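The next block is target07.cif, given as mmCIF, C-alpha atoms.
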```cif
data_start
#
loop_
_atom_site.label_atom_id
_atom_site.label_comp_id
_atom_site.auth_asym_id
_atom_site.auth_seq_id
_atom_site.Cartn_x
_atom_site.Cartn_y
_atom_site.Cartn_z
CA VAL A 1 76.49 95.06 94.76
CA SER A 2 76.98 96.23 98.34
CA GLU A 3 78.70 94.08 100.95
CA GLY A 4 75.47 93.75 102.90
CA ARG A 5 73.52 92.69 99.84
CA ARG A 6 76.17 90.17 98.84
CA LYS A 7 76.13 88.71 102.33
CA LYS A 8 72.37 88.43 102.13
CA ILE A 9 72.45 86.63 98.77
CA TYR A 10 75.18 84.29 99.95
CA GLY A 11 73.32 83.66 103.18
CA ARG A 12 70.18 82.77 101.28
CA ALA A 13 71.97 80.30 99.00
CA ALA A 14 73.61 78.67 102.01
CA LEU A 15 70.24 78.54 103.76
CA ASN A 16 68.59 76.90 100.74
CA ALA A 17 71.31 74.25 100.61
CA SER A 18 71.14 73.49 104.32
CA LEU A 19 67.36 73.55 104.34
CA ALA A 20 67.28 71.06 101.46
CA HIS A 21 69.63 68.83 103.43
CA GLU A 22 67.63 69.12 106.65
CA LEU A 23 64.46 68.10 104.81
CA ASN A 24 66.05 65.43 102.61
CA GLN A 25 67.25 63.50 105.66
CA PRO A 26 63.82 62.86 107.21
CA LEU A 27 62.17 62.55 103.77
CA GLY A 28 64.71 59.90 102.79
CA ALA A 29 64.13 58.02 106.03
CA ILE A 30 60.34 58.23 105.58
CA LEU A 31 60.58 56.83 102.06
CA SER A 32 62.88 53.96 103.07
CA ASN A 33 60.69 53.05 106.04
CA ALA A 34 57.51 53.17 103.93
CA GLN A 35 59.06 50.94 101.29
CA ALA A 36 60.29 48.54 103.96
CA VAL A 37 56.72 48.37 105.29
CA ARG A 38 55.45 47.54 101.81
CA ARG A 39 57.93 44.68 101.60
CA PHE A 40 57.09 43.38 105.08
CA LEU A 41 53.39 43.36 104.24
CA THR A 42 53.88 41.19 101.16
CA ALA A 43 55.38 38.41 103.29
CA LYS A 44 53.20 35.40 104.05
CA LYS A 45 53.42 36.16 107.77
CA PRO A 46 54.18 39.87 108.03
CA ASP A 47 56.37 40.92 110.95
CA LEU A 48 53.91 43.36 112.48
CA ALA A 49 56.29 44.48 115.22
CA GLU A 50 58.70 45.70 112.52
CA VAL A 51 55.85 47.32 110.62
CA LYS A 52 54.76 49.15 113.77
CA ALA A 53 58.31 50.32 114.53
CA ALA A 54 58.68 51.61 110.97
CA VAL A 55 55.39 53.48 111.10
CA GLU A 56 56.36 55.08 114.44
CA GLU A 57 59.58 56.31 112.85
CA ILE A 58 57.70 57.63 109.83
CA ILE A 59 55.53 59.69 112.19
CA GLN A 60 58.59 60.99 114.08
CA ASP A 61 60.49 61.91 110.93
CA ASN A 62 57.44 63.66 109.60
CA SER A 63 57.32 65.78 112.78
CA ARG A 64 60.99 66.52 112.36
CA ALA A 65 60.43 67.86 108.82
CA VAL A 66 57.39 69.88 109.93
CA GLU A 67 59.37 71.32 112.87
CA THR A 68 62.20 72.36 110.57
CA ILE A 69 59.82 74.22 108.30
CA ARG A 70 58.05 75.85 111.25
CA ASN A 71 61.37 77.06 112.66
CA VAL A 72 62.58 78.41 109.33
CA ARG A 73 59.38 80.38 109.01
CA ALA A 74 59.91 81.71 112.53
CA LEU A 75 63.30 82.92 111.34
CA PHE A 76 61.85 85.03 108.55
CA GLN A 77 58.37 86.01 109.61
CA ARG A 78 59.32 89.17 111.39
CA ASP A 79 56.86 91.94 111.85
CA GLU A 80 59.19 94.86 111.18
CA ALA A 81 56.50 97.47 111.60
CA GLN A 82 55.60 97.03 115.23
CA MET A 83 58.72 97.81 117.21
CA SER A 84 58.11 99.46 120.53
CA SER A 85 59.98 100.49 123.63
CA VAL A 86 60.95 97.36 125.59
CA ASP A 87 62.16 97.15 129.19
CA LEU A 88 64.69 94.32 129.12
CA LYS A 89 64.62 94.01 132.89
CA GLN A 90 60.94 93.11 132.68
CA VAL A 91 61.71 90.69 129.84
CA LEU A 92 64.38 89.00 131.96
CA LEU A 93 62.02 88.70 134.92
CA ASP A 94 59.46 87.10 132.60
CA VAL A 95 62.01 84.62 131.31
CA LYS A 96 62.99 83.76 134.86
CA ARG A 97 59.34 83.18 135.77
CA ILE A 98 58.71 81.01 132.69
CA LEU A 99 61.74 78.81 133.30
CA ALA A 100 61.87 78.71 137.12
CA GLY A 101 59.98 75.40 137.27
CA ASP A 102 62.16 73.90 134.57
CA ALA A 103 65.27 74.85 136.56
CA VAL A 104 63.94 73.23 139.74
CA PHE A 105 62.99 70.11 137.81
CA LYS A 106 66.49 69.91 136.30
CA ASN A 107 68.09 70.70 139.66
CA ILE A 108 69.80 73.83 138.31
CA SER A 109 70.39 77.04 140.26
CA PHE A 110 69.04 79.80 137.98
CA GLN A 111 69.90 83.37 139.05
CA LEU A 112 69.40 86.87 137.68
CA ASP A 113 71.97 89.56 138.36
CA LEU A 114 70.27 92.80 137.37
CA PRO A 115 70.96 96.49 137.99
CA ALA A 116 68.25 98.73 139.50
CA SER A 117 67.13 99.67 136.00
CA LEU A 118 68.09 99.16 132.35
CA PRO A 119 67.67 101.74 129.59
CA PRO A 120 64.86 100.81 127.17
CA VAL A 121 65.56 99.24 123.78
CA LEU A 122 63.44 99.50 120.65
CA GLY A 123 62.18 96.10 119.60
CA HIS A 124 59.70 93.25 119.59
CA ARG A 125 59.08 92.09 123.10
CA ALA A 126 57.94 88.56 122.18
CA GLN A 127 61.00 88.02 119.99
CA LEU A 128 63.38 89.17 122.71
CA VAL A 129 61.68 86.79 125.18
CA GLN A 130 62.10 84.03 122.59
CA ALA A 131 65.82 84.82 122.14
CA LEU A 132 66.43 84.74 125.89
CA LEU A 133 64.41 81.54 126.35
CA ASN A 134 66.55 79.86 123.71
CA LEU A 135 69.77 81.04 125.36
CA VAL A 136 68.71 79.87 128.81
CA LEU A 137 67.42 76.50 127.57
CA ASN A 138 70.70 76.06 125.74
CA ALA A 139 72.53 76.80 129.01
CA PHE A 140 70.31 74.26 130.84
CA ASP A 141 71.27 71.66 128.21
CA ALA A 142 74.97 72.45 128.70
CA VAL A 143 74.62 71.96 132.46
CA GLY A 144 72.57 68.80 131.94
CA GLU A 145 75.30 67.27 129.79
CA SER A 146 78.03 68.01 132.31
CA GLY A 147 77.07 65.31 134.80
CA GLU A 148 79.07 66.25 137.87
CA GLY A 149 80.17 69.63 139.22
CA PRO A 150 78.14 72.77 139.90
CA ARG A 151 74.77 73.16 138.18
CA GLU A 152 74.41 76.90 137.70
CA VAL A 153 72.96 79.23 135.11
CA ALA A 154 73.08 82.99 135.67
CA ILE A 155 72.03 85.97 133.60
CA HIS A 156 73.73 89.29 134.09
CA ALA A 157 72.72 92.54 132.42
CA GLY A 158 73.95 96.09 132.34
CA GLU A 159 74.93 99.07 130.22
CA ARG A 160 78.55 98.06 129.86
CA GLU A 161 79.33 100.70 127.23
CA THR A 162 77.32 103.83 126.69
CA GLY A 163 74.33 103.35 124.45
CA ARG A 164 74.36 99.54 124.50
CA VAL A 165 72.61 97.12 126.81
CA HIS A 166 74.69 94.04 127.39
CA ILE A 167 73.30 90.66 128.47
CA GLY A 168 75.22 87.48 129.25
CA VAL A 169 73.89 83.98 129.94
CA ARG A 170 76.49 82.03 131.85
CA ASP A 171 76.47 78.29 132.50
CA SER A 172 78.66 75.95 134.51
CA GLY A 173 78.21 73.25 131.87
CA ILE A 174 80.54 71.11 129.83
CA GLY A 175 82.00 74.00 127.85
CA ILE A 176 82.37 74.34 124.10
CA ASP A 177 85.10 72.96 121.90
CA PRO A 178 86.98 76.02 120.53
CA GLU A 179 86.75 74.46 117.06
CA VAL A 180 82.97 74.68 116.99
CA MET A 181 82.73 78.18 118.47
CA PRO A 182 82.72 80.03 115.14
CA ARG A 183 79.78 77.91 113.95
CA LEU A 184 77.80 78.00 117.16
CA PHE A 185 75.15 80.40 115.89
CA ASP A 186 74.99 78.92 112.38
CA LEU A 187 71.67 77.58 111.18
CA PHE A 188 71.42 73.78 111.42
CA PHE A 189 74.71 73.52 113.28
CA THR A 190 74.32 71.35 116.35
CA THR A 191 76.42 69.20 118.66
CA LYS A 192 73.39 67.53 120.24
CA PRO A 193 72.28 64.10 119.07
CA LYS A 194 68.64 65.20 118.87
CA GLY A 195 69.39 68.87 118.20
CA MET A 196 68.06 70.74 115.19
CA GLY A 197 70.64 73.50 115.14
CA MET A 198 67.98 76.19 115.15
CA GLY A 199 67.79 77.62 118.69
CA LEU A 200 70.94 79.74 118.61
CA ALA A 201 70.47 80.65 114.94
CA ILE A 202 67.11 82.11 115.90
CA VAL A 203 68.82 84.02 118.73
CA ARG A 204 71.34 85.53 116.32
CA SER A 205 68.67 86.39 113.79
CA ILE A 206 66.56 88.16 116.43
CA VAL A 207 69.49 90.02 118.00
CA GLU A 208 70.84 91.16 114.62
CA SER A 209 67.44 92.32 113.45
CA HIS A 210 67.45 94.52 116.58
CA GLY A 211 70.82 96.03 115.64
CA GLY A 212 72.79 93.92 118.13
CA LYS A 213 75.58 91.36 118.08
CA VAL A 214 75.98 87.88 119.62
CA TRP A 215 79.18 86.18 120.71
CA VAL A 216 80.46 83.37 122.92
CA LYS A 217 83.10 83.23 125.66
CA ARG A 218 84.64 80.39 127.62
CA ASN A 219 84.50 80.94 131.37
CA PRO A 220 87.90 80.77 133.07
CA ASP A 221 86.38 78.47 135.71
CA GLY A 222 84.59 76.19 133.23
CA GLY A 223 81.41 76.41 131.21
CA THR A 224 80.35 78.97 128.68
CA THR A 225 78.83 82.45 128.53
CA LEU A 226 76.73 83.45 125.52
CA GLU A 227 76.42 87.21 125.27
CA PHE A 228 74.70 89.81 123.18
CA ASP A 229 74.19 93.53 123.17
CA LEU A 230 71.45 95.76 121.84
CA PRO A 231 71.44 99.49 121.11
CA VAL A 232 69.58 101.61 123.66
CA GLU A 233 66.46 103.19 122.19
CA GLY A 234 67.38 106.26 120.15
CA LYS A 235 71.06 105.27 120.09
CA ALA A 236 70.99 102.82 117.15
CA GLU A 237 73.78 103.42 114.64
CA SER A 238 72.50 104.73 111.34
CA GLU A 239 72.48 102.16 108.52
CA ASN A 240 75.46 102.32 106.22
CA LEU B 1 63.76 29.20 75.46
CA TYR B 2 67.40 28.41 76.20
CA PHE B 3 68.06 32.10 76.57
CA ILE B 4 65.26 32.49 79.08
CA ALA B 5 66.56 29.55 81.08
CA VAL B 6 70.04 31.03 81.22
CA THR B 7 68.76 34.44 82.30
CA LYS B 8 66.74 32.77 85.01
CA THR B 9 69.70 30.87 86.41
CA LEU B 10 71.78 34.02 86.35
CA LYS B 11 69.06 35.85 88.17
CA GLU B 12 68.74 33.13 90.77
CA LYS B 13 72.47 33.03 91.23
CA LYS B 14 72.51 36.78 91.69
CA CYS B 15 69.75 36.67 94.30
CA LYS B 16 71.47 33.88 96.16
CA ARG B 17 74.68 35.84 96.37
CA ALA B 18 72.79 38.97 97.36
CA ALA B 19 70.85 37.24 100.13
CA GLY B 20 73.96 36.28 102.06
CA ALA B 21 75.64 39.65 101.54
CA PHE B 22 76.73 41.73 104.48
CA ILE B 23 76.00 45.42 104.03
CA VAL B 24 77.30 48.26 106.16
CA ILE B 25 75.66 51.69 106.44
CA VAL B 26 77.67 54.66 107.72
CA ASP B 27 75.58 57.79 108.29
CA ASP B 28 75.58 60.30 111.14
CA ASP B 29 71.78 60.65 110.98
CA GLU B 30 70.02 58.13 113.20
CA SER B 31 66.71 58.20 111.30
CA VAL B 32 68.47 57.49 108.03
CA ARG B 33 70.48 54.65 109.55
CA ARG B 34 67.45 52.97 111.03
CA ALA B 35 65.26 53.33 107.95
CA LEU B 36 67.90 52.05 105.52
CA LYS B 37 68.75 49.16 107.79
CA ARG B 38 65.08 48.19 107.91
CA LEU B 39 64.67 48.47 104.16
CA LEU B 40 67.73 46.31 103.45
CA LYS B 41 66.70 43.77 106.09
CA SER B 42 63.29 43.56 104.47
CA SER B 43 65.22 42.55 101.33
CA ASN B 44 67.00 39.79 103.30
CA PHE B 45 70.43 41.35 103.60
CA ARG B 46 72.51 41.22 106.73
CA VAL B 47 73.06 44.79 107.83
CA GLU B 48 75.20 46.66 110.32
CA VAL B 49 75.13 50.44 110.92
CA PHE B 50 77.71 52.94 112.15
CA ALA B 51 77.29 56.60 113.13
CA SER B 52 80.77 57.61 112.00
CA ALA B 53 83.57 56.59 109.64
CA ARG B 54 85.85 56.13 112.64
CA ASP B 55 83.43 53.69 114.32
CA PHE B 56 83.36 51.59 111.16
CA LEU B 57 87.16 51.58 110.78
CA ASP B 58 87.52 50.54 114.41
CA SER B 59 84.98 47.74 114.05
CA ALA B 60 85.65 44.10 113.32
CA HIS B 61 83.45 44.21 110.22
CA LEU B 62 85.81 45.53 107.53
CA ARG B 63 86.77 42.16 106.09
CA GLU B 64 83.28 40.70 105.80
CA THR B 65 81.67 43.85 104.36
CA SER B 66 80.47 43.14 100.83
CA CYS B 67 79.02 46.60 100.23
CA LEU B 68 79.32 49.94 102.01
CA ILE B 69 76.54 52.54 101.93
CA LEU B 70 78.25 55.76 102.92
CA ASP B 71 77.06 59.26 103.72
CA VAL B 72 79.14 62.01 102.09
CA ARG B 73 79.10 64.74 104.73
CA MET B 74 79.69 63.71 108.31
CA PRO B 75 81.38 65.41 111.24
CA GLY B 76 84.91 64.16 111.82
CA MET B 77 85.97 61.98 108.90
CA ASP B 78 83.75 62.53 105.85
CA GLY B 79 82.72 59.86 103.35
CA LEU B 80 85.30 60.79 100.72
CA GLU B 81 88.11 60.54 103.27
CA LEU B 82 86.89 57.09 104.35
CA GLN B 83 86.78 56.06 100.69
CA ARG B 84 90.42 57.19 100.32
CA GLN B 85 91.50 55.25 103.38
CA LEU B 86 89.69 52.08 102.33
CA ALA B 87 90.99 52.23 98.76
CA ALA B 88 94.53 51.51 99.93
CA SER B 89 93.76 48.42 101.98
CA HIS B 90 90.31 47.04 101.26
CA HIS B 91 88.24 46.52 98.13
CA ILE B 92 84.79 47.30 99.42
CA PRO B 93 82.36 48.59 96.81
CA ILE B 94 80.94 51.93 97.98
CA ILE B 95 77.56 53.49 97.30
CA PHE B 96 77.48 57.11 98.41
CA ILE B 97 74.31 58.70 99.73
CA THR B 98 73.89 62.43 100.23
CA GLY B 99 71.33 64.96 101.29
CA HIS B 100 73.22 67.69 99.43
CA GLY B 101 73.59 66.14 95.97
CA ASP B 102 76.41 68.39 94.85
CA GLU B 103 77.75 67.53 91.42
CA ASP B 104 81.41 68.12 92.27
CA THR B 105 81.32 65.49 94.97
CA ARG B 106 79.49 63.04 92.74
CA GLU B 107 82.24 63.25 90.12
CA ARG B 108 85.02 62.98 92.67
CA ALA B 109 83.42 59.99 94.34
CA LEU B 110 82.74 58.14 91.09
CA ARG B 111 86.23 58.87 89.77
CA ALA B 112 87.65 57.43 92.99
CA GLY B 113 85.78 54.19 92.28
CA ALA B 114 82.36 54.54 93.92
CA VAL B 115 79.78 52.22 92.33
CA GLY B 116 76.86 54.54 93.03
CA PHE B 117 75.94 58.02 94.18
CA LEU B 118 72.37 58.49 95.38
CA ALA B 119 70.70 61.75 96.41
CA LYS B 120 68.33 61.48 99.38
CA PRO B 121 65.45 60.79 99.25
CA PHE B 122 66.06 57.86 96.90
CA SER B 123 63.75 54.96 96.00
CA GLU B 124 64.27 51.33 96.98
CA GLU B 125 64.70 50.49 93.28
CA ALA B 126 67.62 52.92 93.01
CA LEU B 127 69.19 51.61 96.20
CA LEU B 128 68.71 47.91 95.46
CA SER B 129 69.94 48.17 91.90
CA ALA B 130 73.06 49.98 93.16
CA VAL B 131 73.57 47.30 95.80
CA HIS B 132 73.15 44.50 93.27
CA SER B 133 75.62 46.05 90.88
CA ALA B 134 78.04 46.58 93.77
CA LEU B 135 77.82 42.90 94.67
CA GLU B 136 78.30 41.83 91.04
CA ASN B 137 81.37 44.00 90.66
CA ASP B 138 82.77 42.50 93.80
CA GLU B 139 82.60 38.98 92.37
CA TYR B 140 86.20 38.66 91.16
#
```

Could you render the structure as structure tokens?
Amino acid sequence: VSEGRRKKIYGRAALNASLAHELNQPLGAILSNAQAVRRFLTAKKPDLAEVKAAVEEIIQDNSRAVETIRNVRALFQRDEAQMSSVDLKQVLLDVKRILAGDAVFKNISFQLDLPASLPPVLGHRAQLVQALLNLVLNAFDAVGESGEGPREVAIHAGERETGRVHIGVRDSGIGIDPEVMPRLFDLFFTTKPKGMGMGLAIVRSIVESHGGKVWVKRNPDGGTTLEFDLPVEGKAESEN
Amino acid sequence: LYFIAVTKTLKEKKCKRAAGAFIVIVDDDESVRRALKRLLKSSNFRVEVFASARDFLDSAHLRETSCLILDVRMPGMDGLELQRQLAASHHIPIIFITGHGDEDTRERALRAGAVGFLAKPFSEEALLSAVHSALENDEY
């Protein structure tokens, strides 16, 4: 069994276990709330406020389970056949346009630092937009959690080494505990109270399916930069 | 007839003890905490919830806790570690709950004295019967 294949099998087993956990949590809560409702309703004077609160939570937990399944499908439903030449500069400008209003609303300075042109990469445009949206929204969250200090998110891009386009999303946010860094892109890993742990896992999955790598760096002056690179079209390393 | 009468008194006694019992839930998942609290309250228990093992240890509730419902995997201190720490100083019966349901953990937890080990999602019957047996064991 090849290393790659072994990794894939291991990854799938780990995914199954975490997926089961992610679904068992809301399913367990739904069941307990439903059974509590049944008990409340058998009382002589049912506490309808409690019943209503329980039903609201049942609806929320149901959405949580549905969302998990939808995201997992997004992770795997990749249309491998239709890769085309993508201009990442155009993608970045799109992302900026999509999120400009969000940045204003959150009082965050959102800047692009782009060269005159970027070499094209072979890929799925919509997926690359998705990956960048997730990275920028993650950066917005990091700034939002920081409270005081500068509120800045900046994307820089360039061909740092020959044959690879490099993109970094830098935030002035709270920064990441070094302990959690290795798990940052893991599926279902999250540090946010309402987080699902899927955004950055989707980023990694998209970048890797395009032959790239993702990594994380702490900024010397605070905050975090999440980076990835992609092979320039025609320069992808042959599969080994 | 005598037998039935005795069973009835025992049952009543059991319910009486159960009704006053103070139950603590420690789980890092907010939905799970809220739902279990509601279910136990609907069964007339007094209930307090904590998001982490540390929060529970730091609380003023250790002494009055008659049963602990404890998640296995949590960030920071996990359920098994809390069980170890409590074993030395307190005799609180523990019912573990888990979304993973791994057999290794089940054995370890039960060997270390847990009175129950429930895989989520579990029914109210499973939960309440574990709670009742926890409260009975705690009688002495």

* Matched chain/residue IDs from the PyMOL selection byres ((chain A) within 6 of (chain B)), as JSON, numbers by chain -> {"A": [21, 24, 27, 28, 29, 32, 33, 36]}

* Structure fact -> One decimal place gives the atom CA of A:Ala201-atom CA of A:His124 separation as 17.2 Å

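Using only C-alpha atoms, the residues found no farther than 12 Å from A:Ala103, other than those of its own chain fewer than 2 positions away, are Val95, Lys96, Arg97, Ile98, Leu99, Ala100, Gly101, Phe105, Lys106, Asn107, Ile108, Ser109, Phe110, Gln111, Val136, Leu137, Ala139, Phe140, Asp141, Val143, Gly144, Arg151, Glu152, Val153 and Ala154 of chain A.
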
Please save C-alpha atoms of the selected residues as a PDB file, keeping the file's coordinate frame.
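Below you can see part-v9.pdb, which holds the result:
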```pdb
ATOM      1  CA  VAL A  95      62.010  84.620 131.310  1.00  0.00           C
ATOM      2  CA  LYS A  96      62.990  83.760 134.860  1.00  0.00           C
ATOM      3  CA  ARG A  97      59.340  83.180 135.770  1.00  0.00           C
ATOM      4  CA  ILE A  98      58.710  81.010 132.690  1.00  0.00           C
ATOM      5  CA  LEU A  99      61.740  78.810 133.300  1.00  0.00           C
ATOM      6  CA  ALA A 100      61.870  78.710 137.120  1.00  0.00           C
ATOM      7  CA  GLY A 101      59.980  75.400 137.270  1.00  0.00           C
ATOM      8  CA  PHE A 105      62.990  70.110 137.810  1.00  0.00           C
ATOM      9  CA  LYS A 106      66.490  69.910 136.300  1.00  0.00           C
ATOM     10  CA  ASN A 107      68.090  70.700 139.660  1.00  0.00           C
ATOM     11  CA  ILE A 108      69.800  73.830 138.310  1.00  0.00           C
ATOM     12  CA  SER A 109      70.390  77.040 140.260  1.00  0.00           C
ATOM     13  CA  PHE A 110      69.040  79.800 137.980  1.00  0.00           C
ATOM     14  CA  GLN A 111      69.900  83.370 139.050  1.00  0.00           C
ATOM     15  CA  VAL A 136      68.710  79.870 128.810  1.00  0.00           C
ATOM     16  CA  LEU A 137      67.420  76.500 127.570  1.00  0.00           C
ATOM     17  CA  ALA A 139      72.530  76.800 129.010  1.00  0.00           C
ATOM     18  CA  PHE A 140      70.310  74.260 130.840  1.00  0.00           C
ATOM     19  CA  ASP A 141      71.270  71.660 128.210  1.00  0.00           C
ATOM     20  CA  VAL A 143      74.620  71.960 132.460  1.00  0.00           C
ATOM     21  CA  GLY A 144      72.570  68.800 131.940  1.00  0.00           C
ATOM     22  CA  ARG A 151      74.770  73.160 138.180  1.00  0.00           C
ATOM     23  CA  GLU A 152      74.410  76.900 137.700  1.00  0.00           C
ATOM     24  CA  VAL A 153      72.960  79.230 135.110  1.00  0.00           C
ATOM     25  CA  ALA A 154      73.080  82.990 135.670  1.00  0.00           C
TER      26      ALA A 154
END
```

* Rank nothing, just name the residue among A:Leu133, A:Ile58, A:Ile206, A:Ala49 nearest to A:Asp102, using all atoms listed in the file. => A:Leu133

* Using all atoms listed in the file: which of B:Asp27, B:Glu136, B:Glu48, B:Glu103 has the shortest distance to B:Gly76 -> B:Asp27

* **atom CA of B:Ala112 to atom CA of A:Leu19, distance in Å rounded to a single decimal** => 28.3 Å

* Structure fact -> What separates atom CA of A:Pro120 and atom CA of A:Thr225 is a distance of 23.1 Å

* **Cut-off 12 Å around (80.0, 65.7, 94.2) with all atoms listed in the file: residues as a PyMOL selection string** => chain B and resi 71-73+79-80+96-112+114+116-119

* May I have the residues within 12 Å of A:Met83 as a PyMOL selection string, using all atoms listed in the file and disregarding those fewer than 6 positions away in the same chain? => chain A and resi 121-128+209-210+233

* Given the file above and the PyMOL selection byres ((chain A and resi 192) around 12), which residues are selected, and can you give them as a list in words? -> Asn138, Asp141, Ala142, Gly144, Glu145, Ile176, Leu184, Phe188, Phe189, Thr190, Thr191, Pro193, Lys194, Gly195, Met196, Gly197, Met198 and Gly199 of chain A; Asp28 and Asp29 of chain B
